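Engineer: My file is protein.cif. It has mmCIF, C-alpha atoms:
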data_input
loop_
_atom_site.label_atom_id
_atom_site.label_comp_id
_atom_site.auth_asym_id
_atom_site.auth_seq_id
_atom_site.Cartn_x
_atom_site.Cartn_y
_atom_site.Cartn_z
CA MET A 1 24.68 -70.97 155.85
CA GLU A 2 22.65 -70.56 159.04
CA LEU A 3 22.28 -73.70 161.12
CA ILE A 4 18.49 -73.66 160.91
CA GLN A 5 18.73 -73.52 157.11
CA LEU A 6 21.17 -76.40 157.22
CA ALA A 7 18.81 -78.41 159.45
CA LYS A 8 15.95 -77.70 157.04
CA ARG A 9 18.04 -78.79 154.05
CA LEU A 10 19.21 -82.01 155.71
CA GLU A 11 15.91 -82.92 157.40
CA GLY A 12 15.44 -86.69 157.77
CA LEU A 13 17.78 -89.61 158.35
CA GLN A 14 21.32 -88.99 157.16
CA THR A 15 24.74 -90.56 157.39
CA ALA A 16 28.06 -88.71 157.21
CA ASP A 17 28.39 -89.91 153.60
CA SER A 18 24.92 -88.76 152.55
CA ILE A 19 25.52 -85.33 154.13
CA SER A 20 28.81 -84.93 152.31
CA VAL A 21 27.11 -85.81 148.99
CA ASN A 22 24.14 -83.57 149.75
CA LEU A 23 26.26 -80.52 150.61
CA GLY A 24 29.14 -81.26 148.26
CA VAL A 25 31.70 -81.21 151.06
CA GLY A 26 34.20 -83.72 152.41
CA LYS A 27 33.21 -86.33 155.00
CA ARG A 28 35.19 -84.60 157.72
CA THR A 29 33.42 -81.28 157.07
CA ALA A 30 30.09 -83.14 157.10
CA VAL A 31 30.88 -84.54 160.55
CA ASN A 32 31.77 -81.03 161.70
CA TYR A 33 28.38 -79.78 160.51
CA VAL A 34 26.69 -82.58 162.43
CA TRP A 35 28.61 -81.55 165.53
CA GLN A 36 27.40 -77.95 165.16
CA LEU A 37 23.82 -79.06 164.56
CA ARG A 38 23.89 -81.38 167.55
CA LYS A 39 25.10 -78.54 169.78
CA LYS A 40 21.96 -76.62 168.82
CA GLY A 41 19.73 -79.65 169.41
CA TYR A 42 18.79 -80.43 165.79
CA VAL A 43 20.42 -83.86 165.69
CA GLU A 44 19.75 -87.16 167.37
CA THR A 45 22.08 -90.08 166.69
CA VAL A 46 20.60 -93.49 166.04
CA TYR A 47 22.27 -96.72 165.07
CA GLY A 48 21.21 -98.87 162.13
CA LYS A 49 22.08 -102.46 161.36
CA ARG A 50 25.77 -103.37 161.75
CA LYS A 51 25.99 -100.38 164.10
CA ILE A 52 26.00 -97.85 161.27
CA ARG A 53 25.73 -94.38 162.74
CA MET A 54 22.80 -92.37 161.42
CA TYR A 55 21.76 -88.85 162.19
CA LYS A 56 18.13 -87.95 162.60
CA ILE A 57 18.07 -84.28 161.65
CA SER A 58 15.05 -82.05 162.17
CA PRO A 59 14.63 -78.28 162.33
CA ILE A 60 12.05 -78.94 165.04
CA LYS A 61 13.85 -79.50 168.30
CA PRO A 62 12.34 -82.43 170.20
CA ILE A 63 10.59 -81.65 173.47
CA LYS A 64 12.28 -83.29 176.40
CA THR A 65 9.63 -82.66 179.06
CA GLY A 66 7.45 -85.55 180.18
CA TYR A 67 8.12 -89.22 179.48
CA PRO A 68 8.63 -91.07 176.20
CA GLY A 69 5.50 -92.26 174.42
CA LEU A 70 4.85 -95.58 172.67
CA TYR A 71 7.42 -95.53 169.86
CA GLU A 72 10.30 -94.14 171.92
CA PHE A 73 9.49 -96.66 174.66
CA LEU A 74 9.56 -99.53 172.15
CA ASN A 75 12.84 -98.33 170.68
CA GLN A 76 14.35 -98.19 174.16
CA ASN A 77 13.11 -101.62 175.20
CA SER A 78 12.83 -103.76 172.11
CA LYS A 79 15.24 -105.31 169.67
CA ILE A 80 13.00 -104.37 166.75
CA ARG A 81 13.22 -100.65 166.14
CA ILE A 82 10.49 -98.50 164.64
CA TYR A 83 10.66 -95.18 162.84
CA PRO A 84 8.01 -93.21 164.76
CA PRO A 85 5.16 -91.90 162.57
CA TYR A 86 4.68 -89.07 165.08
CA THR A 87 6.21 -87.76 168.29
CA ASN A 88 4.46 -88.99 171.40
CA ARG A 89 5.01 -87.70 174.95
CA ILE A 90 3.28 -88.65 178.19
CA TYR A 91 3.20 -86.06 180.94
CA ASP A 92 1.17 -87.37 183.85
CA HIS A 93 2.97 -90.63 184.73
CA LYS A 94 5.92 -92.79 183.80
CA PRO A 95 4.68 -95.31 181.24
CA THR A 96 4.97 -98.99 182.07
CA ALA A 97 5.57 -102.01 179.84
CA GLU A 98 2.09 -103.28 180.79
CA GLU A 99 0.26 -100.28 179.33
CA MET A 100 2.61 -99.99 176.33
CA ILE A 101 1.89 -103.56 175.17
CA VAL A 102 -1.82 -102.74 175.17
CA LYS A 103 -1.21 -99.49 173.29
CA ALA A 104 0.95 -101.25 170.71
CA VAL A 105 -1.77 -103.82 170.02
CA GLN A 106 -4.34 -101.04 169.67
CA THR A 107 -2.33 -99.43 166.86
CA GLY A 108 -3.07 -102.47 164.66
CA ASP A 109 0.31 -101.99 162.97
CA PHE A 110 2.31 -105.12 162.17
CA ARG A 111 5.78 -103.90 163.05
CA THR A 112 4.62 -102.11 166.21
CA VAL A 113 2.95 -105.29 167.50
CA LEU A 114 6.00 -107.35 166.53
CA SER A 115 8.26 -104.93 168.36
CA ALA A 116 6.03 -105.01 171.45
CA LEU A 117 6.57 -108.77 171.93
CA ASN A 118 9.86 -107.99 173.63
CA LEU A 119 8.00 -106.04 176.31
CA PHE A 120 6.64 -109.29 177.77
CA ASN A 121 10.14 -109.66 179.15
CA LYS A 122 9.71 -106.42 181.11
CA ILE A 123 6.36 -107.17 182.72
CA LYS A 124 6.42 -106.80 186.48
CA ASP A 125 2.71 -106.84 187.27
CA TRP A 126 0.73 -109.46 185.35
CA ALA A 127 -2.48 -108.52 187.13
CA LEU A 128 -2.10 -104.95 185.90
CA LEU A 129 -1.56 -106.14 182.33
CA SER A 130 -4.69 -108.26 182.54
CA LYS A 131 -6.69 -105.37 184.00
CA ILE A 132 -5.69 -102.89 181.29
CA ALA A 133 -6.12 -105.46 178.49
CA LYS A 134 -9.60 -106.45 179.66
CA LYS A 135 -10.62 -102.83 179.98
CA GLU A 136 -9.70 -102.29 176.32
CA ASN A 137 -11.33 -105.57 175.23
CA ILE A 138 -8.10 -107.16 173.98
CA GLY A 139 -7.46 -109.68 176.79
CA ARG A 140 -7.28 -112.84 174.64
CA LYS A 141 -5.15 -111.05 172.02
CA ILE A 142 -2.57 -110.21 174.69
CA GLY A 143 -2.60 -113.83 175.89
CA ALA A 144 -2.03 -115.14 172.37
CA LEU A 145 0.77 -112.67 171.74
CA TYR A 146 2.41 -113.73 175.01
CA ASP A 147 2.41 -117.36 173.89
CA ALA A 148 3.74 -116.34 170.47
CA ALA A 149 6.50 -114.31 172.13
CA ARG A 150 7.47 -117.33 174.27
CA THR A 151 8.20 -119.34 171.13
CA ILE A 152 11.06 -117.02 170.22
CA ILE A 153 12.20 -114.99 173.25
CA ARG A 154 12.73 -115.71 176.90
CA ALA A 155 9.92 -114.12 178.86
CA ARG A 156 8.89 -114.49 182.48
CA ARG A 157 6.19 -117.06 183.09
CA ILE A 158 2.71 -115.62 183.39
CA ASP A 159 0.90 -116.58 186.57
CA GLU A 160 -1.95 -119.03 186.16
CA ARG A 161 -4.58 -116.73 187.62
CA THR A 162 -3.84 -114.02 185.02
CA ARG A 163 -3.72 -116.58 182.23
CA LYS A 164 -7.15 -117.94 183.15
CA SER A 165 -8.54 -114.45 183.50
CA LEU A 166 -7.21 -113.49 180.03
CA LEU A 167 -8.59 -116.70 178.53
CA LYS A 168 -12.07 -115.85 179.78
CA SER A 169 -11.96 -112.24 178.60
CA GLU A 170 -13.89 -110.84 175.65
CA VAL A 171 -12.50 -109.30 172.46
CA ASP A 172 -14.11 -106.93 169.96
CA SER A 173 -12.61 -108.65 166.93
CA LYS A 174 -10.60 -111.82 166.44
CA PHE A 175 -8.00 -110.12 164.28
CA ILE A 176 -4.98 -108.50 165.98
CA ILE A 177 -4.04 -106.97 162.62
CA LYS A 178 -6.78 -106.59 160.07
CA ASN A 179 -7.12 -109.67 157.85
CA ALA A 180 -3.72 -111.09 158.90
CA ARG A 181 -3.57 -114.79 159.88
CA THR A 182 -0.68 -117.08 160.75
CA LYS A 183 0.19 -120.32 159.00
CA ASP A 184 2.51 -121.62 161.70
CA LEU A 185 1.13 -120.81 165.13
CA ASN A 186 -2.31 -122.36 164.75
CA HIS A 187 -2.19 -124.15 168.09
CA ILE A 188 -1.91 -120.78 169.86
CA GLU A 189 -4.72 -119.34 167.75
CA LYS A 190 -6.91 -122.28 168.65
CA MET A 191 -6.23 -121.94 172.35
CA TRP A 192 -6.98 -118.20 172.51
CA ASN A 193 -9.57 -118.07 169.73
CA VAL A 194 -7.96 -115.06 168.01
CA TYR A 195 -5.92 -114.76 164.81
CA LEU A 196 -2.18 -114.21 165.19
CA PRO A 197 -0.58 -112.04 162.49
CA PHE A 198 2.92 -113.59 162.59
CA ASN A 199 4.49 -116.59 160.97
CA LYS A 200 7.62 -118.16 162.42
CA ALA A 201 9.74 -116.38 159.81
CA ASP A 202 8.52 -112.98 161.08
CA LEU A 203 9.61 -113.84 164.60
CA GLU A 204 13.09 -114.74 163.33
CA ALA A 205 13.79 -110.98 163.40
CA TYR A 206 14.39 -111.45 167.14
CA LYS A 207 17.23 -113.90 166.45
CA GLU A 208 19.22 -111.59 164.15
CA MET B 1 0.80 -64.51 177.61
CA ILE B 2 1.54 -68.13 178.32
CA ASN B 3 4.70 -70.16 177.65
CA LEU B 4 5.11 -73.86 176.88
CA GLU B 5 5.73 -74.90 180.50
CA GLU B 6 2.64 -73.05 181.71
CA GLN B 7 0.59 -74.52 178.88
CA ILE B 8 1.73 -78.07 179.76
CA SER B 9 0.96 -77.40 183.41
CA LEU B 10 -2.56 -76.16 182.53
CA PHE B 11 -3.26 -79.19 180.34
CA LYS B 12 -1.89 -81.60 182.92
CA ASN B 13 -3.00 -80.16 186.24
CA VAL B 14 -6.19 -78.30 185.36
CA ILE B 15 -7.78 -80.27 182.52
CA GLY B 16 -6.14 -83.72 182.53
CA THR B 17 -6.73 -84.43 186.19
CA GLN B 18 -10.39 -83.39 186.17
CA LEU B 19 -11.60 -85.18 183.04
CA LYS B 20 -13.72 -88.23 183.72
CA ARG B 21 -13.27 -89.77 180.26
CA LYS B 22 -10.80 -89.62 177.38
CA VAL B 23 -11.02 -86.36 175.43
CA GLU B 24 -9.04 -85.63 172.27
CA CYS B 25 -8.37 -82.30 170.64
CA ILE B 26 -6.03 -80.67 168.14
CA ALA B 27 -3.77 -77.80 169.17
CA ILE B 28 -3.45 -75.16 166.47
CA GLY B 29 -1.92 -71.69 166.12
CA GLY B 30 0.57 -70.40 168.65
CA SER B 31 -0.20 -73.24 171.00
CA ALA B 32 0.95 -75.84 168.46
CA MET B 33 3.88 -73.66 167.42
CA MET B 34 5.15 -73.74 171.00
CA PHE B 35 5.21 -77.56 170.83
CA TYR B 36 7.30 -77.21 167.66
CA GLN B 37 9.52 -74.69 169.52
CA ALA B 38 8.83 -72.15 166.78
CA LYS B 39 7.42 -69.70 169.34
CA ASN B 40 8.18 -68.97 172.99
CA SER B 41 4.81 -67.75 174.18
CA THR B 42 1.27 -67.24 172.98
CA LYS B 43 -1.62 -64.99 173.87
CA ASP B 44 -4.30 -67.64 173.63
CA VAL B 45 -4.48 -71.42 173.62
CA ASP B 46 -6.36 -72.59 170.50
CA LEU B 47 -7.87 -76.05 170.58
CA VAL B 48 -10.10 -77.75 168.00
CA PHE B 49 -12.49 -80.49 169.07
CA LEU B 50 -14.11 -82.99 166.77
CA LYS B 51 -16.97 -83.82 169.15
CA LYS B 52 -19.27 -81.32 170.80
CA GLU B 53 -19.39 -83.30 174.06
CA ASP B 54 -15.58 -83.15 174.30
CA LEU B 55 -15.65 -79.37 173.89
CA GLU B 56 -18.39 -79.09 176.52
CA ALA B 57 -16.43 -81.26 178.98
CA VAL B 58 -13.32 -79.06 178.70
CA LYS B 59 -15.41 -75.89 178.82
CA GLU B 60 -17.05 -77.03 182.06
CA ILE B 61 -13.69 -77.84 183.66
CA LEU B 62 -12.28 -74.45 182.66
CA PHE B 63 -15.38 -72.70 184.03
CA ASN B 64 -15.02 -74.56 187.34
CA SER B 65 -11.34 -73.58 187.41
CA GLY B 66 -12.04 -69.85 187.27
CA PHE B 67 -12.25 -69.20 183.53
CA ASN B 68 -15.23 -67.13 182.36
CA GLU B 69 -16.89 -67.40 178.98
CA ARG B 70 -16.63 -64.34 176.76
CA LYS B 71 -19.93 -63.77 174.99
CA ASN B 72 -19.36 -60.78 172.70
CA ILE B 73 -17.16 -62.28 170.00
CA LYS B 74 -16.75 -60.00 167.01
CA GLY B 75 -14.32 -59.31 164.22
CA ILE B 76 -12.53 -61.96 162.28
CA PHE B 77 -15.16 -64.66 162.40
CA ARG B 78 -17.54 -65.43 159.56
CA GLU B 79 -20.79 -63.73 160.36
CA ASP B 80 -22.96 -66.20 158.51
CA GLU B 81 -21.88 -69.30 160.37
CA GLU B 82 -22.21 -69.77 164.08
CA THR B 83 -20.01 -72.89 164.03
CA SER B 84 -16.83 -71.07 163.04
CA LYS B 85 -16.98 -68.93 166.18
CA PRO B 86 -15.01 -70.35 169.09
CA VAL B 87 -16.00 -70.67 172.72
CA MET B 88 -13.69 -68.23 174.49
CA MET B 89 -12.82 -69.01 178.08
CA GLU B 90 -10.68 -66.38 179.75
CA SER B 91 -8.89 -65.74 183.00
CA PRO B 92 -6.77 -62.67 183.78
CA GLU B 93 -3.61 -64.48 182.64
CA THR B 94 -4.67 -66.49 179.66
CA ARG B 95 -7.46 -67.35 177.23
CA PHE B 96 -8.66 -70.61 175.72
CA ASP B 97 -10.30 -70.53 172.27
CA LEU B 98 -12.23 -73.76 171.82
CA PHE B 99 -13.33 -74.52 168.25
CA LEU B 100 -15.60 -77.24 166.94
CA ASN B 101 -14.52 -78.82 163.62
CA GLU B 102 -13.85 -75.50 161.90
CA VAL B 103 -11.39 -72.67 162.41
CA ILE B 104 -12.17 -69.32 160.78
CA GLY B 105 -12.62 -70.44 157.19
CA PHE B 106 -10.72 -73.73 157.45
CA LYS B 107 -12.46 -77.05 157.96
CA ILE B 108 -10.84 -79.81 160.00
CA TYR B 109 -11.45 -83.29 158.57
CA HIS B 110 -9.76 -86.70 158.29
CA ALA B 111 -6.85 -85.47 156.10
CA THR B 112 -5.92 -82.87 158.72
CA ILE B 113 -5.93 -85.58 161.37
CA GLU B 114 -3.71 -87.86 159.26
CA ARG B 115 -1.12 -85.09 159.00
CA LEU B 116 -0.78 -84.60 162.77
CA ARG B 117 2.86 -84.61 163.85
CA GLU B 118 2.78 -84.91 167.66
CA VAL B 119 0.60 -86.49 170.32
CA HIS B 120 0.82 -85.25 173.91
CA GLU B 121 -0.93 -87.23 176.63
CA PHE B 122 -2.00 -85.49 179.82
CA GLY B 123 -3.84 -88.35 181.50
CA LYS B 124 -7.25 -88.48 179.88
CA PHE B 125 -6.63 -85.30 177.91
CA ILE B 126 -4.94 -86.06 174.58
CA VAL B 127 -3.61 -83.06 172.66
CA LYS B 128 -2.50 -83.60 169.08
CA THR B 129 -0.61 -80.86 167.26
CA ALA B 130 -1.64 -79.77 163.80
CA SER B 131 1.02 -80.06 161.11
CA PRO B 132 2.98 -76.89 160.22
CA GLU B 133 1.22 -76.84 156.81
CA ASP B 134 -2.20 -76.81 158.48
CA ILE B 135 -1.13 -74.13 160.95
CA LEU B 136 0.07 -71.99 158.05
CA MET B 137 -3.21 -72.43 156.16
CA MET B 138 -5.27 -71.59 159.24
CA LYS B 139 -3.19 -68.46 159.82
CA GLY B 140 -3.88 -67.53 156.20
CA CYS B 141 -7.59 -67.17 156.88
CA THR B 142 -7.26 -64.36 159.42
CA GLU B 143 -6.40 -60.71 159.09
CA ARG B 144 -4.42 -60.20 162.27
CA ALA B 145 -0.89 -58.83 161.94
CA ARG B 146 0.47 -61.18 164.59
CA ASP B 147 -0.72 -64.15 162.56
CA ARG B 148 1.45 -62.94 159.71
CA ASP B 149 4.42 -62.69 162.09
CA ASP B 150 3.74 -66.24 163.29
CA ALA B 151 3.41 -67.61 159.78
CA ALA B 152 6.67 -65.94 158.71
CA GLU B 153 8.44 -67.43 161.71
CA LEU B 154 6.99 -70.86 160.97
CA ILE B 155 8.16 -70.84 157.35
CA LYS B 156 11.61 -69.72 158.48
CA LYS B 157 11.95 -72.49 161.06
CA VAL B 158 10.17 -75.48 159.53
CA ASN B 159 10.25 -77.19 156.16
CA ILE B 160 6.85 -76.60 154.60
CA ASN B 161 5.57 -79.19 152.16
CA TRP B 162 4.01 -76.90 149.56
CA GLU B 163 2.37 -79.77 147.71
CA ILE B 164 0.19 -80.35 150.78
CA ILE B 165 -0.82 -76.67 150.69
CA ILE B 166 -1.93 -76.95 147.06
CA SER B 167 -3.82 -80.23 147.45
CA GLU B 168 -5.48 -79.03 150.67
CA THR B 169 -6.56 -75.80 148.98
CA SER B 170 -8.43 -77.82 146.36
CA ASN B 171 -9.94 -80.00 149.07
CA GLN B 172 -11.12 -77.02 151.12
CA THR B 173 -12.94 -75.57 148.11
CA LYS B 174 -14.56 -78.96 147.51
CA ILE B 175 -15.89 -79.08 151.08
CA GLY B 176 -17.39 -75.63 150.86
CA MET B 177 -14.62 -73.15 151.76
CA LEU B 178 -14.96 -71.31 148.46
CA ASP B 179 -12.97 -68.23 149.41
CA PHE B 180 -10.03 -70.20 150.79
CA PRO B 181 -7.69 -70.17 147.72
CA LEU B 182 -7.94 -66.42 147.33
CA LEU B 183 -7.39 -65.71 151.03
CA LEU B 184 -4.33 -67.96 151.04
CA TYR B 185 -2.97 -66.41 147.86
CA GLU B 186 -3.26 -62.91 149.33
CA PHE B 187 -1.70 -64.10 152.56
CA LEU B 188 1.33 -65.74 150.94
CA THR B 189 1.88 -62.84 148.56
CA GLU B 190 1.90 -60.48 151.53
CA LEU B 191 4.38 -62.69 153.37
CA LYS B 192 6.60 -62.73 150.32
CA GLU B 193 6.53 -58.98 149.86
CA ASN B 194 6.53 -57.67 153.42
CA TYR B 195 8.45 -60.35 155.29
CA LYS B 196 10.80 -61.43 152.45
CA ILE B 197 9.76 -65.03 153.01
CA ASP B 198 10.78 -67.60 150.45
CA VAL B 199 7.46 -68.79 149.03
CA PRO B 200 7.92 -70.73 145.76
CA LYS B 201 6.65 -68.72 142.78
CA ASP B 202 4.80 -71.61 141.20
CA ILE B 203 2.83 -72.11 144.43
CA THR B 204 1.33 -68.61 144.40
CA LYS B 205 0.67 -68.98 140.66
CA GLU B 206 -1.11 -72.27 141.23
CA LEU B 207 -3.17 -70.83 144.09
CA LEU B 208 -4.26 -67.96 141.88
CA ALA B 209 -5.18 -70.39 139.13
CA ILE B 210 -7.34 -72.42 141.56
CA ALA B 211 -9.01 -69.22 142.80
CA GLU B 212 -9.73 -67.97 139.28
CA LYS B 213 -11.10 -71.34 138.19
CA GLN B 214 -13.33 -71.31 141.25
CA PHE B 215 -14.72 -67.86 140.41
CA LYS B 216 -15.34 -68.74 136.80
CA GLU B 217 -17.33 -71.80 137.82
CA LEU B 218 -19.32 -69.83 140.36
CA LYS B 219 -20.02 -67.10 137.83
CA LYS B 220 -21.27 -69.71 135.38
CA LYS B 221 -23.58 -71.14 138.00
CA GLY B 222 -24.67 -67.67 139.08
CA GLN B 223 -23.71 -68.31 142.68
CA LEU B 224 -22.41 -65.46 144.80
CA ILE B 225 -19.88 -65.61 147.59
CA LYS B 226 -19.97 -63.40 150.60
CA VAL B 227 -16.44 -62.46 151.66
CA THR B 228 -16.89 -59.40 153.83
CA LYS B 229 -13.23 -58.79 154.61
CA TYR B 230 -12.27 -58.20 150.96
CA GLN B 231 -15.45 -56.38 149.98
CA LYS B 232 -13.76 -53.00 149.61
CA THR B 233 -10.68 -54.09 147.72
CA ARG B 234 -11.92 -56.71 145.27
CA LYS B 235 -14.54 -55.81 142.72
CA PHE B 236 -15.35 -59.30 141.53
CA ILE B 237 -16.54 -60.51 144.92
CA TYR B 238 -19.97 -59.61 146.19
#
What would the structure in this file look like if it were written as C-alpha cells?

Structural biologist:
Amino acid sequence: MELIQLAKRLEGLQTADSISVNLGVGKRTAVNYVWQLRKKGYVETVYGKRKIRMYKISPIKPIKTGYPGLYEFLNQNSKIRIYPPYTNRIYDHKPTAEEMIVKAVQTGDFRTVLSALNLFNKIKDWALLSKIAKKENIGRKIGALYDAARTIIRARRIDERTRKSLLKSEVDSKFIIKNARTKDLNHIEKMWNVYLPFNKADLEAYKE
Amino acid sequence: MINLEEQISLFKNVIGTQLKRKVECIAIGGSAMMFYQAKNSTKDVDLVFLKKEDLEAVKEILFNSGFNERKNIKGIFREDEETSKPVMMESPETRFDLFLNEVIGFKIYHATIERLREVHEFGKFIVKTASPEDILMMKGCTERARDRDDAAELIKKVNINWEIIISETSNQTKIGMLDFPLLLYEFLTELKENYKIDVPKDITKELLAIAEKQFKELKKKGQLIKVTKYQKTRKFIY
C-alpha cells in the first residue's frame, strides 16, 4: 500500500495498538508503518495522560513556515492540552503570551480559556497585556481570569498600575463564556464585575 | 506561476503590511491546495471575501503595488449574474482573482466558513483555507481541464468526506444554485472515467437523484433554468 493511502486510512489520532487492529498486523509492524509515515512527514507524536504515546496522522503535511498559532502555543505552554479545531499559523511576528491570552478569551471556548490561565505565568509585559485587552474590550475579564488563575497556579504578581487600569476598563459583555457563571469564585466576580466560567473543581485540572 | 513561499511572501509583505484594518478572506482553488501541500504552484491566487469593503481594500493595495485590473472577463462565468465574476488583478508574474461571496456557481455561506481547516495570519490580513470538500465542489462548477487535474490530485491526497458533498449539494440548490447537482454529477463521473479516481458509486447515484428531483420540481412549477455550458449536450435544459 502506498504511504499516502496508508495516511488516508489511518487519519486521526492513533496508538500502536489501534493501528495494529485497524490494519490487521502485529504491533511491531504497526510501529514500522508509523516510522515510515513519520519519515514522509505524515505523523506527529503527541503524549496523552500517563505518557501514552499517540500518533496524530494526517495525509496533509503540516506547514512549518511562520510561527505557531493559538492552539499550538497553548499546547506548548500550558498543562491543559487542546485538540486544535483548525491549524493556525502566524507569519508576521512571533506570538507572545500577552496576545495569546486575549485571543484565547475571544474564542469563548471553555477549555481554551481554562488552558490559557497558565499563560499568566509567562507574562513579561503587563502593560502590553493591558493595552491589548483594553483594545479588544475585555480588560476586566482578563483581570478576573488572572485572579482566578492565582487561586490555583503560581503566577507573577501583576503591577498595581496595570491592575487599576484593567479595573477601570470597559467590557462588551459580562460573560467570559456565554451563560456560564461560577459558584465558588464570587468574590473575584464581584471585584471585577464580570462572570467567571470556572468552579474550583474545574481548576483542579491544573493539580493533576 | 506562483509557489507557496511566494504566495506567503505576497500576503505578508504586500497585503498584510499595508492594510489599515483587519481583513478576512477565504483562500480557494490552487491557492488553498498549496496550503494543504496538494499542489506545488498555481497560476492564480483565488480569494473570496465576505464583505465588499474588504475586497476593495485588498484591490486598492494590489493596484498600488503594480497590479492592474483586467476588465474583459469572459468564458466560464455566469452571464446573468455580475456578482459571480471576480475582480482580476494581474501583474506579469501572477494574478489575483478576488470574489465576493460567490464563486462560479457556488455560494459561500456560514456552513462553508464552519468547515474551514486552516487560518493563516499575515498581520491584519487573515487568510482562511476552504475545506478540501468545498474546493472540490467549487472545481466542479468550472469547465477547465486543469481544474479536473487539480480535483483528481486532491481526491488522491486528501480524505474527502462525501457526506458533506451530498448535504452541501442539497443546501446549494436550496439557496438558489439550481444547476449545481447536475454540474457536480457530470464532474465526478468524468473524474471517475477519465482519471480513474475512486468516487463512491452511491455518491454519484445520490447526486443524480437530487438533480432529477430538482428538475421534476422545476418542471412542475414551469420554471426554466439557464445553463449555457450544457445547452448543446442536454436536451432537458433550456

Engineer: Could you work out how far atom CA of A:Val171 lies from atom CA of A:Asn137, giving the answer in Å with one decimal?

Structural biologist: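 Taking atom CA of A:Asn137 and atom CA of A:Val171, their separation equals 4.8 Å.
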
Engineer: List every residue of chain B that has an atom at most 7 Å from any atom of chain A, giving for each one its closest atom pair and the distance in Å to one decimal, counting all atoms listed in the file, sorted by chain and then by ascending residue number, as CSV.

Structural biologist:
residue,atom,partner,partner_atom,distance
B:Lys12,CA,A:Asp92,CA,6.6
B:Tyr36,CA,A:Ile60,CA,5.7
B:Gln37,CA,A:Lys61,CA,6.6
B:Arg117,CA,A:Tyr86,CA,5.0
B:Glu118,CA,A:Thr87,CA,4.5
B:Val119,CA,A:Asn88,CA,4.7
B:His120,CA,A:Arg89,CA,5.0
B:Glu121,CA,A:Ile90,CA,4.7
B:Phe122,CA,A:Tyr91,CA,5.3
B:Gly123,CA,A:Asp92,CA,5.6
B:Lys157,CA,A:Pro59,CA,6.5
B:Val158,CA,A:Pro59,CA,6.0
B:Asn159,CA,A:Lys8,CA,5.8

Engineer: I need the residues from that last selection saved to file as a PDB file, in the frame of the given file (with C-alpha atoms), if you can.

Structural biologist:
ATOM      1  CA  LYS B  12      -1.890 -81.600 182.920  1.00  0.00           C
ATOM      2  CA  TYR B  36       7.300 -77.210 167.660  1.00  0.00           C
ATOM      3  CA  GLN B  37       9.520 -74.690 169.520  1.00  0.00           C
ATOM      4  CA  ARG B 117       2.860 -84.610 163.850  1.00  0.00           C
ATOM      5  CA  GLU B 118       2.780 -84.910 167.660  1.00  0.00           C
ATOM      6  CA  VAL B 119       0.600 -86.490 170.320  1.00  0.00           C
ATOM      7  CA  HIS B 120       0.820 -85.250 173.910  1.00  0.00           C
ATOM      8  CA  GLU B 121      -0.930 -87.230 176.630  1.00  0.00           C
ATOM      9  CA  PHE B 122      -2.000 -85.490 179.820  1.00  0.00           C
ATOM     10  CA  GLY B 123      -3.840 -88.350 181.500  1.00  0.00           C
ATOM     11  CA  LYS B 157      11.950 -72.490 161.060  1.00  0.00           C
ATOM     12  CA  VAL B 158      10.170 -75.480 159.530  1.00  0.00           C
ATOM     13  CA  ASN B 159      10.250 -77.190 156.160  1.00  0.00           C
TER      14      ASN B 159
END

Engineer: Of the residues B:Thr189, B:Leu100, B:Leu4, B:Phe63, which is the one nearest to B:Lys201, using only C-alpha atoms?

Structural biologist: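 Ranked by minimum distance to B:Lys201, first place goes to B:Thr189.
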
Engineer: Could you check how far atom CA of A:Leu203 sits from atom CA of A:Leu114, in Å to one decimal?

Structural biologist: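 Result for atom CA of A:Leu203 versus atom CA of A:Leu114: 7.7 Å, one decimal.
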
Engineer: Which value, in Å to one decimal, gives the distance between atom CA of A:Ala149 and atom CA of A:Asp125?

Structural biologist: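 Between atom CA of A:Ala149 and atom CA of A:Asp125 the gap is 17.3 Å.
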
Engineer: Using all atoms listed in the file, which residues sit within 6 Å of stretch 140-145 of chain A once same-chain residues fewer than 4 positions away are excluded, as a PyMOL selection string?

Structural biologist: chain A and resi 149+166-167+192

Engineer: Run the PyMOL selection byres ((chain B and resi 174-176) around 10) against the file shown and list the residues it catches, as a PyMOL selection string.

Structural biologist: chain B and resi 105-107+109+168-173+177-180+214

Engineer: Show which residues sit within 6 Å of B:Asn3, as a list in words. Count only C-alpha atoms, and ignore same-chain residues fewer than 2 positions away.

Structural biologist: Glu5, Glu6, Asn40 and Ser41 of chain B

Engineer: A:Ala104, A:Thr182, A:Arg111, A:Thr96: which is nearest A:Arg81, counting all atoms listed in the file?

Structural biologist: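 Of the candidates, the smallest distance to A:Arg81 is held by A:Arg111.
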
Engineer: Give me the residues near A:Ile123 as a list in words, where near means some atom within 9 Å (using only C-alpha atoms) and where sequence neighbours in that chain fewer than 6 positions away do not count.

Structural biologist: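 Residues near the query, excluding close chain neighbours: Thr96, Ala97, Glu98, Leu129, Ala155 and Arg156 of chain A.
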
Engineer: Name the residues within 7 Å of (-14.8, -73.6, 175.8), counting all atoms listed in the file in the file's coordinates, and put them as a count of residues only.

Structural biologist: 10

Engineer: Any chance you could build stretch 208-213 of chain B out to N, CA and C atoms and write it as a tab-separated table (two decimals), in the coordinates of the input?

Structural biologist:
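Just written: result-v4.tsv:
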chain	number	residue	atom	x	y	z
B	208	LEU	N	-3.47	-68.94	142.64
B	208	LEU	CA	-4.26	-67.96	141.88
B	208	LEU	C	-5.08	-68.66	140.80
B	209	ALA	N	-4.46	-69.65	140.17
B	209	ALA	CA	-5.18	-70.39	139.13
B	209	ALA	C	-6.39	-71.11	139.73
B	210	ILE	N	-6.21	-71.72	140.90
B	210	ILE	CA	-7.34	-72.42	141.56
B	210	ILE	C	-8.44	-71.42	141.89
B	211	ALA	N	-8.03	-70.25	142.42
B	211	ALA	CA	-9.01	-69.22	142.80
B	211	ALA	C	-9.79	-68.73	141.57
B	212	GLU	N	-9.07	-68.48	140.50
B	212	GLU	CA	-9.73	-67.97	139.28
B	212	GLU	C	-10.69	-69.00	138.69
B	213	LYS	N	-10.25	-70.26	138.70
B	213	LYS	CA	-11.10	-71.34	138.19
B	213	LYS	C	-12.39	-71.41	139.03
